[in-house]
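Engineer: As input, take my_file15.txt (compact mmCIF, C-alpha atoms and all ligand atoms):
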```
# COMPACT_ATOMS: atom_id res chain seq x y z
CA MET A 24 -6.24 -70.73 34.87
CA ASN A 25 -6.40 -74.49 35.12
CA THR A 26 -3.30 -76.44 35.96
CA ILE A 27 -2.20 -80.03 36.28
CA ILE A 28 0.66 -80.63 38.63
CA PHE A 29 2.93 -83.62 38.08
CA GLY A 30 5.68 -84.73 40.39
CA ALA A 31 7.09 -87.93 41.78
CA PRO A 32 6.18 -88.96 45.31
CA GLY A 33 8.35 -86.73 47.47
CA SER A 34 8.67 -84.00 44.84
CA GLY A 35 6.69 -81.77 47.17
CA LYS A 36 3.91 -81.20 44.64
CA GLY A 37 1.23 -81.20 47.34
CA THR A 38 3.07 -78.45 49.18
CA TYR A 39 3.48 -76.40 46.00
CA ALA A 40 -0.16 -76.90 45.07
CA SER A 41 -1.34 -75.64 48.43
CA ARG A 42 1.03 -72.65 48.34
CA LEU A 43 -0.14 -71.76 44.85
CA LYS A 44 -3.71 -72.06 46.06
CA THR A 45 -3.02 -69.44 48.71
CA ARG A 46 -1.16 -67.13 46.32
CA LEU A 47 -3.48 -67.39 43.33
CA GLY A 48 -6.84 -68.11 44.91
CA VAL A 49 -7.26 -71.26 42.82
CA GLU A 50 -8.73 -74.48 44.14
CA VAL A 51 -6.76 -77.67 44.46
CA ILE A 52 -8.41 -80.93 43.48
CA SER A 53 -6.52 -83.94 44.73
CA MET A 54 -8.11 -87.12 43.42
CA GLY A 55 -7.42 -89.12 46.56
CA ASP A 56 -9.09 -86.48 48.73
CA ILE A 57 -12.11 -86.21 46.44
CA PHE A 58 -12.82 -89.92 46.58
CA ARG A 59 -12.65 -89.85 50.36
CA GLU A 60 -14.96 -86.85 50.41
CA PHE A 61 -17.51 -88.48 48.07
CA ILE A 62 -17.51 -91.69 50.08
CA LYS A 63 -18.06 -89.74 53.29
CA ASN A 64 -21.01 -87.81 51.86
CA GLU A 65 -22.67 -91.07 50.81
CA SER A 66 -24.09 -89.52 47.66
CA GLU A 67 -25.20 -91.86 44.89
CA LEU A 68 -21.87 -91.36 43.20
CA GLY A 69 -20.05 -91.76 46.49
CA LEU A 70 -21.65 -95.15 47.05
CA LYS A 71 -20.50 -96.27 43.60
CA VAL A 72 -16.96 -95.17 44.38
CA LYS A 73 -17.11 -96.91 47.75
CA GLN A 74 -17.92 -100.28 46.16
CA TYR A 75 -14.71 -100.19 44.16
CA VAL A 76 -12.55 -98.86 46.95
CA GLU A 77 -13.80 -101.48 49.41
CA LYS A 78 -13.03 -104.28 46.97
CA GLY A 79 -9.63 -102.79 46.29
CA LEU A 80 -10.54 -102.34 42.63
CA LEU A 81 -9.44 -99.54 40.38
CA ILE A 82 -12.22 -96.97 40.00
CA PRO A 83 -13.38 -97.05 36.36
CA ASN A 84 -12.62 -94.08 34.17
CA GLU A 85 -16.26 -93.11 33.60
CA ILE A 86 -16.88 -92.87 37.35
CA VAL A 87 -13.72 -90.85 37.90
CA ILE A 88 -14.84 -88.47 35.18
CA GLU A 89 -18.30 -88.17 36.68
CA VAL A 90 -16.78 -87.36 40.08
CA LEU A 91 -14.43 -84.82 38.56
CA ARG A 92 -17.15 -83.18 36.50
CA GLU A 93 -19.36 -82.78 39.55
CA LYS A 94 -16.52 -81.39 41.63
CA ILE A 95 -15.43 -78.89 38.97
CA SER A 96 -19.01 -77.71 38.41
CA LYS A 97 -19.21 -76.80 42.10
CA LEU A 98 -16.05 -74.71 42.24
CA THR A 99 -16.84 -71.22 43.37
CA SER A 100 -13.69 -69.10 43.17
CA GLY A 101 -13.76 -68.78 39.38
CA LYS A 102 -9.99 -68.56 39.41
CA GLY A 103 -9.38 -72.06 38.23
CA VAL A 104 -8.10 -75.28 39.59
CA ILE A 105 -4.94 -77.27 40.18
CA LEU A 106 -5.39 -80.97 39.56
CA ASP A 107 -3.17 -83.21 41.63
CA GLY A 108 -3.04 -86.95 40.95
CA TYR A 109 -4.96 -86.82 37.69
CA PRO A 110 -4.81 -87.73 34.83
CA ARG A 111 -2.87 -90.95 35.22
CA THR A 112 -3.38 -92.30 31.72
CA ILE A 113 -3.66 -90.89 28.19
CA PRO A 114 -7.35 -91.86 27.86
CA GLN A 115 -7.98 -89.93 31.09
CA ALA A 116 -6.08 -86.94 29.71
CA LYS A 117 -8.21 -87.04 26.56
CA VAL A 118 -11.50 -87.18 28.48
CA LEU A 119 -10.30 -84.42 30.76
CA GLN A 120 -10.16 -82.06 27.78
CA GLU A 121 -13.92 -82.40 27.46
CA ILE A 122 -14.48 -81.29 31.04
CA VAL A 123 -12.00 -78.50 31.54
CA LYS A 124 -9.53 -76.51 29.49
CA ILE A 125 -6.05 -77.06 30.88
CA ASP A 126 -3.78 -74.02 30.54
CA VAL A 127 -0.65 -75.06 32.38
CA ILE A 128 1.22 -78.21 33.19
CA LEU A 129 3.50 -77.89 36.14
CA LEU A 130 6.27 -80.45 36.26
CA GLN A 131 8.19 -80.79 39.46
CA ASN A 132 11.40 -82.41 38.35
CA VAL A 133 13.38 -83.30 41.38
CA PRO A 134 16.59 -85.34 41.23
CA ASP A 135 16.16 -88.78 42.80
CA TRP A 136 18.74 -88.17 45.48
CA ILE A 137 16.88 -85.12 46.73
CA ILE A 138 13.63 -87.07 46.89
CA ILE A 139 15.34 -89.83 48.82
CA GLU A 140 16.86 -87.35 51.21
CA ARG A 141 13.59 -85.49 51.58
CA LEU A 142 11.40 -88.52 52.13
CA SER A 143 13.75 -89.94 54.65
CA SER A 144 13.49 -86.65 56.54
CA ARG A 145 9.70 -86.64 56.28
CA ARG A 146 7.63 -86.84 59.44
CA ILE A 147 3.89 -87.28 59.65
CA CYS A 148 1.49 -86.39 62.45
CA GLU A 149 0.01 -89.55 63.92
CA LYS A 150 -3.23 -87.74 64.73
CA CYS A 151 -4.07 -85.51 61.75
CA ASN A 152 -1.63 -86.77 59.06
CA GLU A 153 -0.12 -83.33 58.51
CA VAL A 154 3.20 -83.74 56.71
CA TYR A 155 6.41 -82.12 57.93
CA ASN A 156 10.02 -82.27 56.89
CA ILE A 157 12.80 -81.89 59.38
CA ARG A 158 14.82 -80.02 56.73
CA PHE A 159 12.34 -77.79 54.92
CA LEU A 160 9.06 -77.77 56.80
CA LYS A 161 9.97 -78.03 60.43
CA PRO A 162 7.28 -77.91 63.09
CA SER A 163 7.78 -75.09 65.61
CA ILE A 164 8.40 -77.61 68.36
CA GLU A 165 10.52 -80.62 67.47
CA ASN A 166 8.46 -83.76 66.72
CA ILE A 167 5.17 -82.09 67.64
CA CYS A 168 2.44 -81.21 65.14
CA ASP A 169 1.78 -77.45 64.83
CA LYS A 170 -1.86 -78.04 64.03
CA CYS A 171 -3.01 -80.51 66.65
CA GLY A 172 -0.14 -81.17 69.04
CA GLY A 173 0.11 -84.83 67.94
CA ALA A 174 3.40 -86.71 67.85
CA LEU A 175 5.25 -86.98 64.53
CA TYR A 176 6.46 -90.30 63.13
CA GLN A 177 8.42 -91.61 60.16
CA ARG A 178 6.69 -93.90 57.67
CA PRO A 179 8.36 -97.32 57.59
CA ASP A 180 8.38 -97.38 53.76
CA ASP A 181 10.29 -94.10 53.55
CA THR A 182 13.50 -96.02 52.91
CA ALA A 183 15.84 -95.49 49.95
CA ASP A 184 14.99 -98.77 48.15
CA VAL A 185 11.23 -98.38 48.42
CA ILE A 186 11.45 -94.71 47.47
CA LYS A 187 13.50 -95.56 44.34
CA LYS A 188 10.85 -98.07 43.26
CA ARG A 189 8.10 -95.53 43.78
CA ILE A 190 9.96 -92.98 41.66
CA GLN A 191 10.44 -95.52 38.84
CA LEU A 192 6.76 -96.42 38.90
CA TYR A 193 5.81 -92.77 38.77
CA GLN A 194 8.12 -92.13 35.79
CA LYS A 195 6.77 -95.11 33.89
CA MET A 196 3.22 -93.94 34.45
CA THR A 197 3.61 -90.23 33.73
CA SER A 198 6.18 -90.01 30.95
CA PRO A 199 3.68 -90.99 28.19
CA ILE A 200 1.16 -88.43 29.54
CA ILE A 201 3.74 -85.67 29.63
CA LYS A 202 4.80 -86.59 26.10
CA TYR A 203 1.15 -86.38 25.06
CA TYR A 204 0.92 -82.83 26.39
CA GLU A 205 4.30 -81.84 24.94
CA GLU A 206 3.05 -82.71 21.47
CA LYS A 207 0.18 -80.26 21.80
CA LYS A 208 0.58 -76.48 21.62
CA THR A 209 -1.41 -75.84 24.77
CA PRO A 210 -1.16 -76.22 27.66
CA PHE A 211 2.00 -74.37 28.45
CA ILE A 212 4.48 -76.54 30.31
CA ILE A 213 6.50 -75.17 33.20
CA SER A 214 9.24 -77.52 34.14
CA GLN A 215 10.90 -76.85 37.45
CA ILE A 216 14.19 -78.49 38.03
CA GLU A 217 14.66 -78.22 41.68
CA ASP A 218 17.72 -76.84 43.31
CA PRO A 219 18.26 -78.48 46.68
CA ASN A 220 19.32 -75.19 48.20
CA ILE A 221 16.07 -73.37 47.64
CA GLY A 222 12.99 -73.84 49.73
CA PRO A 223 9.38 -74.19 48.57
CA GLU A 224 8.73 -70.42 48.90
CA GLN A 225 11.27 -69.69 46.17
CA VAL A 226 9.96 -72.49 43.96
CA VAL A 227 6.48 -70.98 44.16
CA GLU A 228 7.85 -67.51 43.35
CA ASN A 229 9.57 -68.92 40.27
CA VAL A 230 6.35 -70.50 39.06
CA ILE A 231 4.41 -67.27 39.60
CA LYS A 232 7.02 -65.33 37.66
CA GLU A 233 6.67 -67.73 34.72
CA LEU A 234 2.90 -67.47 34.81
CA LYS A 235 3.09 -63.67 34.76
CA ILE A 236 5.49 -63.68 31.82
CA ARG A 237 2.96 -65.78 29.91
CA ASN A 238 0.05 -63.53 30.97
CA LEU A 239 -1.65 -66.47 32.60
CA ILE A 240 -2.28 -64.58 35.82
ZN ZN A 301 -1.45 -83.07 63.75
```
Please lay out the structure from this file as structure tokens.
Ligand SMILES: [Zn+2]

Structural biologist:
Amino acid sequence: MNTIIFGAPGSGKGTYASRLKTRLGVEVISMGDIFREFIKNESELGLKVKQYVEKGLLIPNEIVIEVLREKISKLTSGKGVILDGYPRTIPQAKVLQEIVKIDVILLQNVPDWIIIERLSSRRICEKCNEVYNIRFLKPSIENICDKCGGALYQRPDDTADVIKKRIQLYQKMTSPIIKYYEEKKTPFIISQIEDPNIGPEQVVENVIKELKIRNLI
């Protein structure tokens, strides 16, 4: 089962993707991570990517596709993939169809006020960048990273005004893509409207229930 996860910054989509990975045995492909990985490996493709990143240029579609194709061909679990951060445009969505059959679109619809509240309670480890939330994903010891013992800090742009702008940008970018998928019969779209009183565990359970109903897992 191949999935694309969409969600505004602060919708928690990264958290859901990694929880679904654990539950379903699928792999998560986050575009940002892949580019970093390719650059680090200094493969031929990685060097191409690096040129664009260093100049602050947008990586051209054909290179993104090449990277994605290579990554998908190396997946070993056979259980499918969750794409996070891709596609970002309709042309990308169209090319994606040629690489992989998408079965599910997961939309994390979170009311703006929850995102604002969540991002302003977000804390990040200064050493390993692990993300915590002092409401939903607390570290075991206050302000200390569970993984590496580093100190947690708050990003300076996690303020209401900046967050609102990021949400607007996200909506402008993704709404045409979501419309594009809505007009097709597959993939199946699961739209989660988040209830502020439920934690990520319950959200993941709800998604799994939907997938079972549709015989996708
Ligand atoms: Zn850490």

Engineer: Just the residues within 10 Å of segment 117-125 of chain A, please, counting all atoms listed in the file, with nothing from its chain fewer than 6 positions along; format it as a short mmCIF file (atom, residue, chain, number, x, y, z; two decimals) with C-alpha atoms, in the frame of the given file.

Structural biologist:
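This is the output file out.cif:
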```cif
data_model
loop_
_atom_site.label_atom_id
_atom_site.label_comp_id
_atom_site.auth_asym_id
_atom_site.auth_seq_id
_atom_site.Cartn_x
_atom_site.Cartn_y
_atom_site.Cartn_z
CA MET A 24 -6.24 -70.73 34.87
CA ASN A 25 -6.40 -74.49 35.12
CA THR A 26 -3.30 -76.44 35.96
CA ILE A 27 -2.20 -80.03 36.28
CA ASN A 84 -12.62 -94.08 34.17
CA GLU A 85 -16.26 -93.11 33.60
CA ILE A 88 -14.84 -88.47 35.18
CA GLU A 89 -18.30 -88.17 36.68
CA LEU A 91 -14.43 -84.82 38.56
CA ARG A 92 -17.15 -83.18 36.50
CA GLU A 93 -19.36 -82.78 39.55
CA ILE A 95 -15.43 -78.89 38.97
CA SER A 96 -19.01 -77.71 38.41
CA GLY A 103 -9.38 -72.06 38.23
CA VAL A 104 -8.10 -75.28 39.59
CA ILE A 105 -4.94 -77.27 40.18
CA LEU A 106 -5.39 -80.97 39.56
CA TYR A 109 -4.96 -86.82 37.69
CA PRO A 110 -4.81 -87.73 34.83
CA ILE A 200 1.16 -88.43 29.54
CA TYR A 203 1.15 -86.38 25.06
CA THR A 209 -1.41 -75.84 24.77
CA PRO A 210 -1.16 -76.22 27.66
CA PHE A 211 2.00 -74.37 28.45
#
```

Engineer: With a cut-off of 6 Å, could you pull out the residues of chain A touching ligand ZN 301 (chain A) and give me the nearest pair of atoms for each, distance in Å to one decimal, using all atoms listed in the file, ordered by chain and ascending number, as JSON lines?

Structural biologist:
```
{"residue": "A:Cys148", "atom": "CA", "partner": "A:ZN301", "partner_atom": "ZN", "distance": 4.6}
{"residue": "A:Lys150", "atom": "CA", "partner": "A:ZN301", "partner_atom": "ZN", "distance": 5.1}
{"residue": "A:Cys151", "atom": "CA", "partner": "A:ZN301", "partner_atom": "ZN", "distance": 4.1}
{"residue": "A:Asn152", "atom": "CA", "partner": "A:ZN301", "partner_atom": "ZN", "distance": 6.0}
{"residue": "A:Glu153", "atom": "CA", "partner": "A:ZN301", "partner_atom": "ZN", "distance": 5.4}
{"residue": "A:Cys168", "atom": "CA", "partner": "A:ZN301", "partner_atom": "ZN", "distance": 4.5}
{"residue": "A:Lys170", "atom": "CA", "partner": "A:ZN301", "partner_atom": "ZN", "distance": 5.1}
{"residue": "A:Cys171", "atom": "CA", "partner": "A:ZN301", "partner_atom": "ZN", "distance": 4.2}
{"residue": "A:Gly172", "atom": "CA", "partner": "A:ZN301", "partner_atom": "ZN", "distance": 5.8}
{"residue": "A:Gly173", "atom": "CA", "partner": "A:ZN301", "partner_atom": "ZN", "distance": 4.8}
```

Engineer: Pick from A:Leu239, A:Leu142, A:Val72, A:Val154: nearest to Asp184 of chain A, with all atoms listed in the file counted?

Structural biologist: A:Leu142

Engineer: Excluding Ile86 of chain A and its own-chain neighbours fewer than 6 positions away, which residues fall within 12 Å of it when counting only C-alpha atoms? Please give them as a VMD selection string.

Structural biologist: chain A and resid 58 61 67 to 75 92 to 93 115 118

Engineer: In Å, with one decimal, what is the gap from atom CA of Glu165 of chain A to atom CA of Val133 of chain A?

Structural biologist: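 Computing it gives 26.4 Å between the two atoms.
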
Engineer: Select, from A:Ser34, A:Tyr176, A:Val90, A:Pro162, the residue with the minimum atom-to-atom distance to Glu149 of chain A, counting only C-alpha atoms.

Structural biologist: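 Smallest distance to Glu149 of chain A is found for A:Tyr176.
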
Engineer: Measuring between only C-alpha atoms, which one of A:Asp126, A:Gly30, A:Ser53, A:Thr112 shows the shortest distance to Lys207 of chain A?

Structural biologist: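 Looking at the shortest contact to Lys207 of chain A, the residue is A:Asp126.
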
Engineer: Quick check, in Å to one decimal: how far apart do atom CA of Ala183 of chain A and atom CA of Tyr39 of chain A lie?

Structural biologist: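 Computed distance, atom CA of Ala183 of chain A to atom CA of Tyr39 of chain A, equals 23.1 Å.
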
Engineer: Record the distance separating atom CA of Glu228 of chain A and atom CA of Lys94 of chain A, expressed in Å with one decimal.

Structural biologist: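 Those two atoms sit 28.1 Å apart.
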
Engineer: Restricting the calculation to all atoms listed in the file: of A:Ile137, A:Ile164, A:Leu130, A:Ile28, which residue gets closest to Asp107 of chain A?

Structural biologist: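 Closest to Asp107 of chain A of all the choices is A:Ile28.
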
Engineer: Show which residues sit within 8 Å of segment 191-198 of chain A, as a ChimeraX atom specification. Count all atoms listed in the file, and ignore same-chain residues fewer than 6 positions away.

Structural biologist: /A:29,31-32,111-112

Engineer: Using all atoms listed in the file, which of the listed residues (A:Ile147, A:Ser214, A:Asn166, A:Ile138) sits closest to Val185 of chain A?

Structural biologist: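 Under the stated criterion, the closest residue is A:Ile138.
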
Engineer: Please write C-alpha atoms of segment 61-134 of chain A, from the structure given just now, as a compact mmCIF listing (two decimals), in the first residue's frame.

Structural biologist:
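For reference, out.txt as written:
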```txt
# COMPACT_ATOMS: atom_id res chain seq x y z
CA PHE A 61 21.90 11.61 -1.40
CA ILE A 62 24.17 14.59 -0.84
CA LYS A 63 25.94 12.79 1.99
CA ASN A 64 26.55 9.68 -0.10
CA GLU A 65 28.12 11.79 -2.85
CA SER A 66 26.69 9.59 -5.59
CA GLU A 67 26.50 11.03 -9.09
CA LEU A 68 22.90 11.98 -8.46
CA GLY A 69 23.78 13.33 -5.03
CA LEU A 70 26.34 15.68 -6.53
CA LYS A 71 23.73 17.00 -8.97
CA VAL A 72 21.33 17.63 -6.10
CA LYS A 73 24.08 19.31 -4.10
CA GLN A 74 24.74 21.87 -6.85
CA TYR A 75 21.17 23.10 -6.65
CA VAL A 76 20.94 23.03 -2.89
CA GLU A 77 24.19 24.96 -2.48
CA LYS A 78 23.01 27.67 -4.85
CA GLY A 79 19.68 27.81 -3.08
CA LEU A 80 17.91 26.79 -6.28
CA LEU A 81 14.84 24.65 -6.57
CA ILE A 82 15.78 21.09 -7.54
CA PRO A 83 14.37 20.45 -11.03
CA ASN A 84 11.52 18.00 -11.39
CA GLU A 85 13.47 15.49 -13.48
CA ILE A 86 16.17 15.21 -10.82
CA VAL A 87 13.61 14.84 -8.05
CA ILE A 88 11.97 12.06 -10.02
CA GLU A 89 15.28 10.34 -10.61
CA VAL A 90 16.05 10.48 -6.88
CA LEU A 91 12.62 9.17 -5.99
CA ARG A 92 12.77 6.38 -8.55
CA GLU A 93 16.12 5.21 -7.23
CA LYS A 94 14.94 5.35 -3.64
CA ILE A 95 11.72 3.45 -4.33
CA SER A 96 13.55 0.77 -6.32
CA LYS A 97 15.71 0.08 -3.26
CA LEU A 98 12.87 -0.38 -0.79
CA THR A 99 13.03 -3.79 0.78
CA SER A 100 9.98 -4.29 2.98
CA GLY A 101 7.57 -4.82 0.09
CA LYS A 102 4.82 -3.35 2.22
CA GLY A 103 4.76 -0.01 0.51
CA VAL A 104 5.70 3.51 1.24
CA ILE A 105 4.44 6.73 2.77
CA LEU A 106 5.55 9.81 0.87
CA ASP A 107 5.96 12.91 2.97
CA GLY A 108 6.62 16.27 1.32
CA TYR A 109 5.93 15.11 -2.21
CA PRO A 110 4.33 15.83 -4.66
CA ARG A 111 4.20 19.60 -4.33
CA THR A 112 2.82 20.38 -7.76
CA ILE A 113 0.37 18.79 -10.22
CA PRO A 114 3.12 18.01 -12.78
CA GLN A 115 4.97 16.18 -9.99
CA ALA A 116 1.80 14.27 -9.09
CA LYS A 117 1.41 13.23 -12.72
CA VAL A 118 4.99 12.01 -13.04
CA LEU A 119 4.69 10.20 -9.74
CA GLN A 120 1.98 7.99 -11.24
CA GLU A 121 4.58 6.60 -13.62
CA ILE A 122 6.86 5.56 -10.78
CA VAL A 123 4.51 4.20 -8.17
CA LYS A 124 0.84 3.40 -7.81
CA ILE A 125 -0.61 5.52 -5.02
CA ASP A 126 -3.41 3.79 -3.10
CA VAL A 127 -4.18 6.22 -0.31
CA ILE A 128 -4.02 9.91 0.32
CA LEU A 129 -3.92 10.81 3.96
CA LEU A 130 -5.01 14.34 4.73
CA GLN A 131 -4.29 15.68 8.16
CA ASN A 132 -6.77 18.48 8.50
CA VAL A 133 -6.02 20.34 11.65
CA PRO A 134 -7.77 23.57 12.62
```
